>>> print(open('data-v6.txt').read())   # compact mmCIF, C-alpha atoms (C1' of nucleotides)
# COMPACT_ATOMS: atom_id res chain seq x y z
CA MET A 167 -29.53 -3.64 -12.66
CA SER A 168 -26.94 -4.50 -15.25
CA ALA A 169 -26.25 -8.11 -14.36
CA GLN A 170 -29.33 -9.82 -15.70
CA ALA A 171 -31.24 -9.16 -18.91
CA ILE A 172 -28.15 -9.61 -21.05
CA ASN A 173 -28.01 -13.37 -21.37
CA SER A 174 -29.33 -13.08 -24.87
CA SER A 175 -26.16 -11.39 -26.13
CA THR A 176 -23.86 -14.19 -25.00
CA HIS A 177 -22.27 -16.15 -27.82
CA VAL A 178 -22.06 -19.81 -27.08
CA ASN A 179 -19.63 -22.06 -28.83
CA PRO A 180 -21.60 -25.23 -29.60
CA MET A 181 -18.38 -27.25 -29.49
CA THR A 182 -17.66 -26.61 -25.85
CA GLU A 183 -21.07 -26.03 -24.48
CA HIS A 184 -22.56 -28.32 -21.92
CA THR A 185 -24.10 -25.82 -19.55
CA PRO A 186 -25.33 -22.32 -20.43
CA ALA A 187 -21.89 -20.85 -21.09
CA ILE A 188 -20.60 -17.32 -20.63
CA ALA A 189 -18.28 -15.91 -23.25
CA PRO A 190 -14.66 -15.86 -22.12
CA ILE A 191 -12.91 -12.56 -21.48
CA PRO A 192 -10.57 -11.56 -24.33
CA SER A 193 -7.03 -10.32 -23.82
CA ALA A 194 -6.67 -6.88 -22.33
CA TYR A 195 -4.48 -6.00 -25.28
CA SER A 196 -6.60 -7.08 -28.18
CA PRO A 197 -9.34 -4.91 -29.62
CA HIS A 198 -12.72 -6.10 -28.46
CA ASN A 199 -16.15 -4.94 -27.57
CA HIS A 200 -15.47 -4.26 -23.98
CA GLN A 201 -19.09 -4.36 -22.98
CA HIS A 202 -18.89 -8.11 -23.35
CA CYS A 203 -16.22 -8.19 -20.67
CA VAL A 204 -18.35 -6.25 -18.26
CA THR A 205 -21.45 -8.22 -19.03
CA SER A 206 -19.92 -11.61 -18.72
CA ALA A 207 -17.98 -10.66 -15.62
CA LEU A 208 -21.23 -9.67 -13.99
CA GLN A 209 -22.92 -12.82 -15.17
CA ARG A 210 -20.16 -14.98 -13.79
CA ALA A 211 -20.27 -13.12 -10.52
CA SER A 212 -23.97 -13.56 -10.20
CA LYS A 213 -23.69 -17.26 -10.86
CA ILE A 214 -20.82 -17.74 -8.44
CA CYS A 215 -22.49 -15.86 -5.64
CA LYS A 216 -25.70 -17.77 -6.15
CA THR A 217 -23.83 -21.05 -6.01
CA GLN A 218 -21.92 -20.01 -2.93
CA GLY A 219 -25.02 -18.73 -1.22
CA VAL A 220 -23.62 -15.26 -0.71
CA ARG A 221 -25.15 -11.95 -1.61
CA LEU A 222 -24.01 -9.90 -4.56
CA THR A 223 -25.55 -6.71 -3.25
CA ALA A 224 -26.02 -3.59 -5.33
CA THR A 225 -22.86 -1.97 -4.01
CA ARG A 226 -20.79 -5.07 -4.55
CA GLU A 227 -22.10 -5.53 -8.04
CA ARG A 228 -21.53 -1.90 -8.90
CA VAL A 229 -17.98 -2.00 -7.59
CA LEU A 230 -17.33 -5.07 -9.68
CA GLU A 231 -18.78 -3.34 -12.70
CA LEU A 232 -16.56 -0.31 -12.06
CA VAL A 233 -13.49 -2.47 -11.66
CA TRP A 234 -14.34 -3.91 -15.06
CA GLN A 235 -14.80 -0.53 -16.71
CA SER A 236 -11.40 -1.05 -18.20
CA HIS A 237 -8.53 -3.51 -18.20
CA ARG A 238 -6.60 -1.14 -16.00
CA ALA A 239 -6.31 -1.54 -12.29
CA LEU A 240 -8.41 0.91 -10.32
CA GLY A 241 -7.62 2.33 -6.91
CA ALA A 242 -10.09 2.19 -4.05
CA TYR A 243 -10.44 5.95 -4.07
CA ASP A 244 -11.08 5.99 -7.80
CA LEU A 245 -13.89 3.55 -7.16
CA MET A 246 -15.19 5.77 -4.39
CA ALA A 247 -15.28 8.71 -6.76
CA GLU A 248 -17.24 6.69 -9.29
CA LEU A 249 -19.69 5.59 -6.65
CA ALA A 250 -20.10 9.19 -5.63
CA LYS A 251 -21.11 10.05 -9.21
CA ASP A 252 -23.84 7.45 -8.88
CA GLY A 253 -25.22 9.42 -6.00
CA ARG A 254 -24.22 6.81 -3.44
CA ASN A 255 -22.54 8.24 -0.40
CA SER A 256 -19.69 5.79 -0.04
CA ALA A 257 -16.94 6.37 2.48
CA PRO A 258 -13.74 4.34 2.21
CA PRO A 259 -15.03 1.39 4.24
CA THR A 260 -17.85 0.89 1.76
CA VAL A 261 -15.44 0.38 -1.07
CA TYR A 262 -12.92 -1.64 0.87
CA ARG A 263 -15.61 -3.95 2.15
CA ALA A 264 -16.97 -4.53 -1.30
CA LEU A 265 -13.46 -5.18 -2.57
CA GLU A 266 -12.73 -7.52 0.29
CA PHE A 267 -15.85 -9.46 -0.54
CA LEU A 268 -15.07 -9.57 -4.24
CA GLN A 269 -11.54 -10.71 -3.54
CA LYS A 270 -12.74 -13.44 -1.22
CA MET A 271 -15.04 -14.63 -3.99
CA GLY A 272 -12.13 -14.61 -6.42
CA LEU A 273 -13.84 -11.97 -8.57
CA VAL A 274 -11.20 -9.29 -8.26
CA HIS A 275 -7.51 -9.24 -7.48
CA ARG A 276 -5.44 -6.66 -5.72
CA ILE A 277 -2.28 -5.65 -7.51
CA ALA A 278 0.17 -5.00 -4.69
CA SER A 279 2.60 -3.03 -6.80
CA LEU A 280 -0.16 -0.63 -7.82
CA ASN A 281 -2.33 -0.57 -4.71
CA ALA A 282 -5.16 -1.15 -7.11
CA PHE A 283 -7.73 -3.69 -8.12
CA ILE A 284 -8.53 -5.56 -11.27
CA GLY A 285 -11.31 -7.87 -12.32
CA CYS A 286 -10.51 -11.53 -12.57
CA PRO A 287 -11.19 -12.92 -16.05
CA HIS A 288 -11.59 -16.49 -14.86
CA PRO A 289 -13.14 -16.36 -11.44
CA GLY A 290 -14.47 -19.39 -9.70
CA GLU A 291 -12.45 -20.04 -6.64
CA GLN A 292 -9.95 -17.87 -4.86
CA HIS A 293 -6.54 -18.11 -6.49
CA SER A 294 -3.31 -16.23 -6.92
CA GLY A 295 -2.92 -14.88 -10.38
CA CYS A 296 0.05 -13.80 -12.39
CA PHE A 297 -0.21 -10.29 -13.70
CA LEU A 298 1.35 -8.63 -16.72
CA ILE A 299 1.31 -4.90 -16.15
CA CYS A 300 2.02 -2.62 -19.09
CA GLN A 301 4.07 0.35 -18.01
CA GLN A 302 2.92 2.29 -21.04
CA CYS A 303 -0.83 1.86 -21.30
CA GLN A 304 -1.39 0.57 -17.75
CA ARG A 305 -3.43 -2.34 -18.93
CA VAL A 306 -3.18 -5.47 -16.86
CA GLN A 307 -3.48 -8.96 -18.20
CA GLU A 308 -3.84 -11.92 -15.91
CA MET A 309 -2.08 -15.11 -16.97
CA LYS A 310 -3.02 -18.36 -15.36
CA GLY A 311 0.62 -19.16 -14.73
CA HIS A 312 0.19 -22.68 -13.42
CA ASN A 313 3.70 -23.64 -14.49
CA ILE A 314 5.11 -20.63 -12.77
CA GLN A 315 3.16 -21.35 -9.61
CA ARG A 316 4.34 -24.92 -9.66
CA LEU A 317 7.96 -23.94 -10.12
CA ILE A 318 7.75 -21.40 -7.34
CA GLU A 319 6.26 -23.99 -5.06
CA GLN A 320 8.99 -26.46 -5.99
CA GLU A 321 11.79 -24.04 -5.37
CA SER A 322 10.20 -22.83 -2.15
CA ASN A 323 9.94 -26.40 -0.96
CA ALA A 324 13.56 -26.98 -1.87
CA SER A 325 14.33 -24.23 0.65
CA GLY A 326 12.13 -25.97 3.21
CA PHE A 327 9.46 -23.33 2.81
CA SER A 328 5.82 -24.28 2.70
CA MET A 329 3.98 -21.95 0.36
CA THR A 330 0.42 -20.92 0.95
CA SER A 331 0.04 -18.18 -1.63
CA SER A 332 2.08 -16.08 -3.96
CA ILE A 333 2.13 -12.75 -5.67
CA ILE A 334 3.51 -12.52 -9.17
CA GLU A 335 3.49 -9.16 -10.86
CA VAL A 336 5.38 -8.57 -14.06
CA ALA A 337 6.06 -5.08 -15.32
CA GLY A 338 6.91 -4.43 -18.93
CA LEU A 339 5.42 -3.56 -22.27
CA CYS A 340 2.34 -5.13 -23.74
CA PRO A 341 2.29 -6.19 -27.38
CA ASN A 342 0.77 -2.90 -28.51
CA CYS A 343 3.12 -0.66 -26.64
CA GLN A 344 6.32 -2.31 -27.79
CA THR A 345 6.15 -0.71 -31.21
CA PRO A 346 6.65 2.89 -30.26
CA SER A 347 3.59 5.09 -30.64
CA ASP A 348 1.39 4.35 -33.54
CA ASP A 349 -0.70 6.26 -31.05
CA LYS A 350 -3.88 4.95 -32.55
CA GLN A 351 -3.32 1.77 -30.62
CA GLY A 352 -4.48 2.57 -27.17
CA GLN A 353 -7.09 4.97 -28.34
CA GLU A 354 -9.82 3.19 -30.13
CA GLN A 355 -8.61 -0.25 -29.37
CA GLU A 356 -11.50 -1.04 -27.15
CA GLN A 357 -15.03 0.12 -27.48
CA LYS A 358 -16.37 2.05 -24.55
CA GLU A 359 -13.42 1.29 -22.33
CA ARG A 360 -12.60 4.35 -20.33
CA MET B 388 31.16 4.13 12.14
CA SER B 389 30.19 0.49 11.99
CA ALA B 390 31.12 -0.34 8.42
CA GLN B 391 34.87 -0.36 8.59
CA ALA B 392 37.14 -1.65 11.37
CA ILE B 393 35.59 -5.11 11.29
CA ASN B 394 37.41 -6.65 8.39
CA SER B 395 39.45 -8.69 10.84
CA SER B 396 36.42 -10.71 11.94
CA THR B 397 35.62 -11.93 8.43
CA HIS B 398 36.20 -15.61 7.88
CA VAL B 399 37.62 -16.37 4.49
CA ASN B 400 37.35 -19.77 2.95
CA PRO B 401 40.76 -20.43 1.38
CA MET B 402 39.10 -22.69 -1.20
CA THR B 403 37.04 -20.00 -2.80
CA GLU B 404 39.09 -16.94 -2.09
CA HIS B 405 40.55 -14.93 -4.90
CA THR B 406 39.85 -11.43 -3.77
CA PRO B 407 39.37 -10.26 -0.16
CA ALA B 408 36.05 -12.02 0.38
CA ILE B 409 33.10 -11.11 2.54
CA ALA B 410 31.31 -13.90 4.33
CA PRO B 411 28.00 -14.78 2.69
CA ILE B 412 24.74 -14.11 4.49
CA PRO B 413 23.23 -17.23 6.04
CA SER B 414 19.59 -18.21 5.72
CA ALA B 415 17.13 -16.08 7.62
CA TYR B 416 15.79 -19.26 9.17
CA SER B 417 18.96 -20.89 10.43
CA PRO B 418 20.56 -19.96 13.73
CA HIS B 419 23.53 -17.72 13.20
CA ASN B 420 25.48 -14.91 14.72
CA HIS B 421 23.47 -12.15 13.20
CA GLN B 422 26.15 -9.54 13.73
CA HIS B 423 27.98 -11.14 10.84
CA CYS B 424 25.03 -10.38 8.59
CA VAL B 425 25.05 -6.74 9.56
CA THR B 426 28.77 -6.43 9.30
CA SER B 427 29.12 -8.03 5.95
CA ALA B 428 26.12 -6.23 4.54
CA LEU B 429 27.77 -2.96 5.47
CA GLN B 430 31.07 -4.07 4.05
CA ARG B 431 29.49 -5.05 0.78
CA ALA B 432 27.63 -1.78 0.63
CA SER B 433 30.76 0.20 1.23
CA LYS B 434 32.58 -1.65 -1.49
CA ILE B 435 29.75 -1.32 -3.97
CA CYS B 436 29.30 2.37 -3.39
CA LYS B 437 33.01 2.98 -3.70
CA THR B 438 33.08 1.08 -6.98
CA GLN B 439 30.07 2.93 -8.30
CA GLY B 440 31.41 6.28 -7.22
CA VAL B 441 28.39 7.10 -5.09
CA ARG B 442 28.27 8.21 -1.50
CA LEU B 443 27.22 5.92 1.30
CA THR B 444 26.46 8.77 3.66
CA ALA B 445 25.94 8.36 7.38
CA THR B 446 22.16 8.35 7.06
CA ARG B 447 22.20 5.88 4.21
CA GLU B 448 24.57 3.57 6.02
CA ARG B 449 22.56 3.78 9.21
CA VAL B 450 19.33 3.01 7.40
CA LEU B 451 20.98 0.02 5.79
CA GLU B 452 22.21 -1.13 9.18
CA LEU B 453 18.72 -0.75 10.61
CA VAL B 454 17.18 -2.68 7.76
CA TRP B 455 19.63 -5.42 8.59
CA GLN B 456 18.82 -5.42 12.28
CA SER B 457 16.78 -8.51 11.61
CA HIS B 458 15.68 -10.74 8.77
CA ARG B 459 12.26 -9.19 8.99
CA ALA B 460 11.09 -6.47 6.66
CA LEU B 461 10.96 -3.07 8.27
CA GLY B 462 8.56 -0.26 7.42
CA ALA B 463 9.76 3.23 6.58
CA TYR B 464 8.16 4.60 9.72
CA ASP B 465 9.82 1.94 11.85
CA LEU B 466 13.10 3.08 10.42
CA MET B 467 12.20 6.68 11.17
CA ALA B 468 11.53 5.77 14.77
CA GLU B 469 14.91 4.09 15.04
CA LEU B 470 16.65 7.07 13.53
CA ALA B 471 14.87 9.25 16.04
CA LYS B 472 16.36 7.17 18.85
CA ASP B 473 19.77 7.97 17.42
CA GLY B 474 19.01 11.62 17.95
CA ARG B 475 18.71 12.31 14.24
CA ASN B 476 15.71 14.39 13.30
CA SER B 477 14.49 12.43 10.28
CA ALA B 478 11.21 13.25 8.64
CA PRO B 479 9.71 10.78 6.17
CA PRO B 480 11.61 12.10 3.17
CA THR B 481 14.91 11.37 4.89
CA VAL B 482 14.08 7.71 5.21
CA TYR B 483 12.44 7.38 1.83
CA ARG B 484 15.38 9.00 0.14
CA ALA B 485 17.82 6.73 1.85
CA LEU B 486 15.71 3.74 0.91
CA GLU B 487 15.41 4.91 -2.64
CA PHE B 488 19.16 5.19 -2.87
CA LEU B 489 19.72 1.79 -1.29
CA GLN B 490 17.20 0.21 -3.63
CA LYS B 491 18.84 1.81 -6.63
CA MET B 492 22.15 0.35 -5.49
CA GLY B 493 20.52 -3.05 -5.11
CA LEU B 494 21.25 -3.07 -1.37
CA VAL B 495 17.67 -3.28 -0.18
CA HIS B 496 14.42 -4.48 -1.64
CA ARG B 497 10.92 -3.30 -1.09
CA ILE B 498 8.39 -6.00 -0.31
CA ALA B 499 5.22 -4.75 -1.95
CA SER B 500 2.91 -7.02 -0.02
CA LEU B 501 4.26 -5.70 3.28
CA ASN B 502 5.03 -2.10 2.40
CA ALA B 503 8.35 -2.78 3.99
CA PHE B 504 12.02 -3.12 3.22
CA ILE B 505 14.57 -5.86 3.57
CA GLY B 506 18.31 -6.04 3.09
CA CYS B 507 19.56 -7.82 0.03
CA PRO B 508 21.87 -10.71 0.89
CA HIS B 509 23.62 -10.70 -2.47
CA PRO B 510 23.76 -7.13 -3.65
CA GLY B 511 25.81 -6.05 -6.58
CA GLU B 512 23.58 -4.82 -9.25
CA GLN B 513 19.92 -3.95 -9.18
CA HIS B 514 17.79 -7.03 -9.57
CA SER B 515 14.34 -8.39 -8.83
CA GLY B 516 14.41 -10.93 -6.06
CA CYS B 517 12.07 -13.69 -5.08
CA PHE B 518 10.94 -13.49 -1.50
CA LEU B 519 9.76 -16.16 0.89
CA ILE B 520 7.76 -14.49 3.62
CA CYS B 521 6.96 -16.48 6.73
CA GLN B 522 3.47 -15.68 7.96
CA GLN B 523 4.37 -16.92 11.44
CA CYS B 524 7.70 -15.37 12.33
CA GLN B 525 7.71 -12.67 9.68
CA ARG B 526 11.21 -13.52 8.55
CA VAL B 527 11.91 -12.98 4.88
CA GLN B 528 14.31 -15.04 2.85
CA GLU B 529 15.38 -13.97 -0.60
CA MET B 530 15.86 -16.72 -3.15
CA LYS B 531 17.75 -16.03 -6.31
CA GLY B 532 15.01 -17.58 -8.37
CA HIS B 533 16.72 -17.46 -11.74
CA ASN B 534 14.70 -20.37 -13.02
CA ILE B 535 11.51 -18.73 -11.91
CA GLN B 536 12.49 -15.45 -13.51
CA ARG B 537 13.35 -17.22 -16.72
CA LEU B 538 10.06 -19.09 -16.80
CA ILE B 539 8.10 -15.93 -16.10
CA GLU B 540 9.91 -14.19 -18.89
CA GLN B 541 9.23 -17.09 -21.24
CA GLU B 542 5.56 -17.22 -20.47
CA SER B 543 5.25 -13.45 -20.66
CA ASN B 544 6.89 -13.51 -24.06
CA ALA B 545 4.54 -16.23 -25.15
CA SER B 546 1.77 -13.71 -24.47
CA GLY B 547 3.65 -11.11 -26.50
CA PHE B 548 4.61 -9.23 -23.37
CA SER B 549 8.07 -7.81 -22.97
CA MET B 550 9.09 -8.03 -19.32
CA THR B 551 11.30 -5.45 -17.71
CA SER B 552 11.01 -6.46 -14.07
CA SER B 553 9.01 -8.68 -11.83
CA ILE B 554 7.81 -9.00 -8.30
CA ILE B 555 7.64 -12.43 -6.74
CA GLU B 556 6.50 -12.70 -3.17
CA VAL B 557 5.64 -16.02 -1.65
CA ALA B 558 3.75 -16.26 1.61
CA GLY B 559 3.85 -19.39 3.73
CA LEU B 560 5.63 -21.03 6.59
CA CYS B 561 9.38 -21.18 7.01
CA PRO B 562 11.05 -24.43 8.03
CA ASN B 563 10.99 -23.51 11.72
CA CYS B 564 7.39 -22.44 11.84
CA GLN B 565 5.98 -25.50 10.12
CA THR B 566 6.36 -27.66 13.22
CA PRO B 567 3.86 -25.97 15.47
CA SER B 568 5.32 -24.04 18.36
CA ASP B 569 8.37 -25.51 19.96
CA ASP B 570 8.35 -21.86 20.86
CA LYS B 571 12.05 -21.89 21.51
CA GLN B 572 12.55 -21.65 17.80
CA GLY B 573 12.10 -18.04 17.02
CA GLN B 574 13.35 -16.90 20.32
CA GLU B 575 17.03 -17.57 20.65
CA GLN B 576 17.53 -18.67 17.12
CA GLU B 577 19.59 -15.69 16.21
CA GLN B 578 21.97 -13.81 18.37
CA LYS B 579 21.19 -10.17 18.86
CA GLU B 580 18.54 -10.09 16.21
CA ARG B 581 15.77 -7.88 17.40
C1' DA C 1333 -46.43 -11.69 10.07
C1' DA C 1334 -43.56 -10.37 14.46
C1' DG C 1335 -39.73 -10.65 16.57
C1' DA C 1336 -35.04 -12.40 16.75
C1' DT C 1337 -30.67 -13.01 14.48
C1' DT C 1338 -27.27 -12.15 11.37
C1' DA C 1339 -25.27 -9.71 7.54
C1' DA C 1340 -24.43 -5.52 5.35
C1' DT C 1341 -23.86 -0.76 5.28
C1' DG C 1342 -23.40 3.97 7.21
C1' DT C 1343 -20.56 7.21 9.74
C1' DT C 1344 -16.82 9.35 12.02
C1' DA C 1345 -12.40 9.35 13.01
C1' DT C 1346 -7.80 8.17 12.40
C1' DA C 1347 -3.83 5.18 11.14
C1' DA C 1348 -0.25 4.06 7.98
C1' DT C 1349 2.33 4.83 3.94
C1' DA C 1350 4.33 8.00 0.65
C1' DT C 1351 5.48 12.26 -2.01
C1' DA C 1352 5.74 17.37 -3.48
C1' DA C 1353 8.02 21.53 -3.15
C1' DC C 1354 11.21 24.49 -1.67
C1' DA C 1355 15.07 25.95 1.72
C1' DT C 1356 19.50 24.85 3.51
C1' DT C 1357 23.79 22.57 4.07
C1' DA C 1358 27.55 19.67 2.83
C1' DT C 1359 30.76 17.80 -0.70
C1' DG C 1360 33.69 17.59 -4.52
C1' DA C 1361 35.67 19.96 -8.55
C1' DT C 1362 38.06 23.78 -10.61
C1' DA D 792 37.83 30.24 -2.39
C1' DT D 793 34.19 29.78 -5.42
C1' DC D 794 31.09 27.30 -7.91
C1' DA D 795 28.20 23.49 -9.03
C1' DT D 796 26.07 19.54 -7.56
C1' DA D 797 24.38 16.34 -4.39
C1' DA D 798 22.32 15.46 -0.14
C1' DT D 799 19.54 16.69 3.54
C1' DG D 800 16.19 19.50 6.19
C1' DT D 801 11.56 21.20 6.62
C1' DT D 802 6.76 21.87 6.04
C1' DA D 803 2.88 20.46 4.16
C1' DT D 804 -0.06 17.27 2.13
C1' DA D 805 -1.42 13.27 -0.76
C1' DT D 806 -2.70 8.53 -0.89
C1' DT D 807 -4.11 4.19 0.87
C1' DA D 808 -6.30 1.66 4.49
C1' DT D 809 -8.57 0.37 8.94
C1' DA D 810 -10.89 0.77 13.67
C1' DA D 811 -14.95 1.28 16.14
C1' DC D 812 -19.48 1.85 16.76
C1' DA D 813 -24.36 3.03 14.98
C1' DT D 814 -27.92 1.90 11.82
C1' DT D 815 -30.39 -0.52 8.40
C1' DA D 816 -31.63 -4.46 5.67
C1' DA D 817 -32.20 -9.38 4.90
C1' DT D 818 -33.09 -13.87 6.51
C1' DC D 819 -34.71 -17.17 9.75
C1' DT D 820 -37.80 -18.92 13.32
C1' DT D 821 -41.91 -19.62 15.02
>>> encode(input="data-v6.txt", output="structure tokens")
Amino acid sequence: MSAQAINSSTHVNPMTEHTPAIAPIPSAYSPHNHQHCVTSALQRASKICKTQGVRLTATRERVLELVWQSHRALGAYDLMAELAKDGRNSAPPTVYRALEFLQKMGLVHRIASLNAFIGCPHPGEQHSGCFLICQQCQRVQEMKGHNIQRLIEQESNASGFSMTSSIIEVAGLCPNCQTPSDDKQGQEQEQKER
Amino acid sequence: MSAQAINSSTHVNPMTEHTPAIAPIPSAYSPHNHQHCVTSALQRASKICKTQGVRLTATRERVLELVWQSHRALGAYDLMAELAKDGRNSAPPTVYRALEFLQKMGLVHRIASLNAFIGCPHPGEQHSGCFLICQQCQRVQEMKGHNIQRLIEQESNASGFSMTSSIIEVAGLCPNCQTPSDDKQGQEQEQKER
DNA sequence: AAGATTAATGTTATAATATAACATTATGAT
DNA sequence: ATCATAATGTTATATTATAACATTAATCTT
């Protein structure tokens, strides 16, 4: 329902465009019209699934949309509750299967330290991200962290270890939450983000 | 019971000795007399708790010993089962409390990706480790990873994020498990390790 | 388009991990 | 010895995740 129809609202930078581009996802910590995040995440997903020849079914798309309802990580049972509001039945396996699919497609990540899931802002292929988790506002920002990955691989190798994947989760305070409680910050920072 | 009495078996390198030293923990992947790991882990713990003025009670010490029964991460319910064999009653809170204490003292780490716990080979103060987790033999090796920590902190800062702690868990194959199945490898590699 | 095949979802039950809340016991301090 | 605190016991329950099998939907073949 929500994935198509919105191509018109995408801003395309003429400098970098070669193929119909989708607006990049802004930082979790900067004020932005959050609907753009949702929209472009769904657009990306649609494109990726089409390319890969896999099916972005209604449930899967809805779960992805729900995961993107904010820049906070959402638990599987939170997602279940949201699906229930939609009128869908949805037992745990429904949600976990959708999440498994979305993870396999590189569209969402699981945050191990939170037992929760977050949308990937630069999906494409499966990859390990590097997550900055604000202990105050709970927002999660994914960094690409190629340097970090490379260093970890180097040091692993130096120990004779052959890395296949890695989990990097950083807890701390996001830019907004470092200055103690203007209290406006988290509140109207993002439009429509719940 | 097992923590004292064994000081005699400690080998001290006269080159590096200044204070009654405790033998360092060898790599999880190299063959070694594993009893030394257990013994010295308990010695370290005893010393640390004494210094900090906290109590290494029987349960806490036993849980630490159990965590050190191998270089594999052990789940809380595995630990419970072992305690039960000892004749202790031990409901979940018993184990989780002991683990919480041991984590606070920097004596064990929780591996988020495994929901399991591992002894720290270089305890002293609380710290975030960097864990190499073998997908084949399940052994976990902690690296110090100062460079990695520093880089993560740098890159976090570059995003305006103020890091307080981090989780780094690397999955892959340990040196032994890279060469496919000599099959002797894991088996008698370590003495008495279960 | 009908039937076969595969993929996805529904459904029920349960496993695995973790914590809350309050009662009791042990320890250390005065 | 008494008090205060810390640790543990105990019961119950919350939270997260998966197994196993039934059903439905989508796609492919002819």
>>> closest_atom_pairs(input="data-v6.txt", of="chain B", to="chain D", cutoff="9 Å", atoms="all atoms listed in the file", output="Markdown table")
| residue | atom | partner | partner_atom | distance |
| --- | --- | --- | --- | --- |
| B:Thr444 | CA | D:DA798 | C1' | 8.7 |
| B:Asn476 | CA | D:DG800 | C1' | 8.8 |
| B:Ser477 | CA | D:DG800 | C1' | 8.3 |
| B:Ala478 | CA | D:DT801 | C1' | 8.2 |
| B:Thr481 | CA | D:DT799 | C1' | 7.2 |
>>> residues_around(input="data-v6.txt", residues="Lys531 in chain B", least_positions_apart="5", cutoff="9 Å", atoms="all atoms listed in the file", output="ChimeraX atom specification")
/B:509,515-518,536
>>> atom_distance(input="data-v6.txt", atom1="CA of Gln490 in chain B", atom2="CA of Ala337 in chain A")
17.0 Å
>>> atom_distance(input="data-v6.txt", atom1="CA of Ile498 in chain B", atom2="CA of Leu443 in chain B")
22.3 Å
>>> closest_residue(input="data-v6.txt", among="A:Ala194, A:Leu240, A:Val204, A:Cys215", to="chain B", atoms="all atoms listed in the file")
A:Ala194
>>> atom_distance(input="data-v6.txt", atom1="CA of Asp465 in chain B", atom2="CA of Ala485 in chain B")
13.7 Å
>>> residues_around(input="data-v6.txt", residues="Gly493 in chain B", least_positions_apart="2", cutoff="12 Å", atoms="all atoms listed in the file", output="CSV table (one decimal) with C-alpha atoms, in the coordinates of the input")
chain,number,residue,atom,x,y,z
B,428,ALA,CA,26.1,-6.2,4.5
B,431,ARG,CA,29.5,-5.0,0.8
B,432,ALA,CA,27.6,-1.8,0.6
B,435,ILE,CA,29.8,-1.3,-4.0
B,436,CYS,CA,29.3,2.4,-3.4
B,439,GLN,CA,30.1,2.9,-8.3
B,451,LEU,CA,21.0,0.0,5.8
B,486,LEU,CA,15.7,3.7,0.9
B,487,GLU,CA,15.4,4.9,-2.6
B,488,PHE,CA,19.2,5.2,-2.9
B,489,LEU,CA,19.7,1.8,-1.3
B,490,GLN,CA,17.2,0.2,-3.6
B,491,LYS,CA,18.8,1.8,-6.6
B,495,VAL,CA,17.7,-3.3,-0.2
B,496,HIS,CA,14.4,-4.5,-1.6
B,497,ARG,CA,10.9,-3.3,-1.1
B,504,PHE,CA,12.0,-3.1,3.2
B,505,ILE,CA,14.6,-5.9,3.6
B,506,GLY,CA,18.3,-6.0,3.1
B,507,CYS,CA,19.6,-7.8,0.0
B,508,PRO,CA,21.9,-10.7,0.9
B,509,HIS,CA,23.6,-10.7,-2.5
B,510,PRO,CA,23.8,-7.1,-3.6
B,511,GLY,CA,25.8,-6.0,-6.6
B,512,GLU,CA,23.6,-4.8,-9.2
B,513,GLN,CA,19.9,-4.0,-9.2
B,514,HIS,CA,17.8,-7.0,-9.6
B,515,SER,CA,14.3,-8.4,-8.8
B,516,GLY,CA,14.4,-10.9,-6.1
>>> interface_residues(input="data-v6.txt", of="chain A", to="chain B", cutoff="10 Å", atoms="all atoms listed in the file", output="ChimeraX atom specification")
/A:193,195,277-281,296-301,307,309,311,313-319,321-323,325-344
>>> interface_residues(input="data-v6.txt", of="chain C", to="chain B", cutoff="9 Å", atoms="only C-alpha atoms (C1' of nucleotides)", output="VMD selection string")
chain C and resid 1348 to 1351
>>> residues_around(input="data-v6.txt", residues="Ser206 in chain A", least_positions_apart="4", cutoff="7 Å", atoms="all atoms listed in the file", output="ChimeraX atom specification")
/A:188-189,202,210
>>> build_atoms(input="data-v6.txt", residues="range 554-561 of chain B", atoms="N, CA and C atoms", output="compact mmCIF listing (two decimals), in the coordinates of the input")
# COMPACT_ATOMS: atom_id res chain seq x y z
N ILE B 554 7.94 -8.90 -9.74
CA ILE B 554 7.81 -9.00 -8.30
C ILE B 554 7.32 -10.39 -7.97
N ILE B 555 8.06 -11.09 -7.15
CA ILE B 555 7.64 -12.43 -6.74
C ILE B 555 7.69 -12.51 -5.23
N GLU B 556 6.55 -12.65 -4.61
CA GLU B 556 6.50 -12.70 -3.17
C GLU B 556 5.65 -13.89 -2.74
N VAL B 557 6.28 -14.77 -2.03
CA VAL B 557 5.64 -16.02 -1.65
C VAL B 557 5.35 -15.99 -0.15
N ALA B 558 4.11 -16.19 0.20
CA ALA B 558 3.75 -16.26 1.61
C ALA B 558 3.60 -17.71 2.02
N GLY B 559 3.96 -18.01 3.26
CA GLY B 559 3.85 -19.39 3.73
C GLY B 559 4.52 -19.55 5.07
N LEU B 560 4.99 -20.75 5.31
CA LEU B 560 5.63 -21.03 6.59
C LEU B 560 7.08 -21.45 6.37
N CYS B 561 7.97 -20.85 7.11
CA CYS B 561 9.38 -21.18 7.01
C CYS B 561 9.62 -22.52 7.69
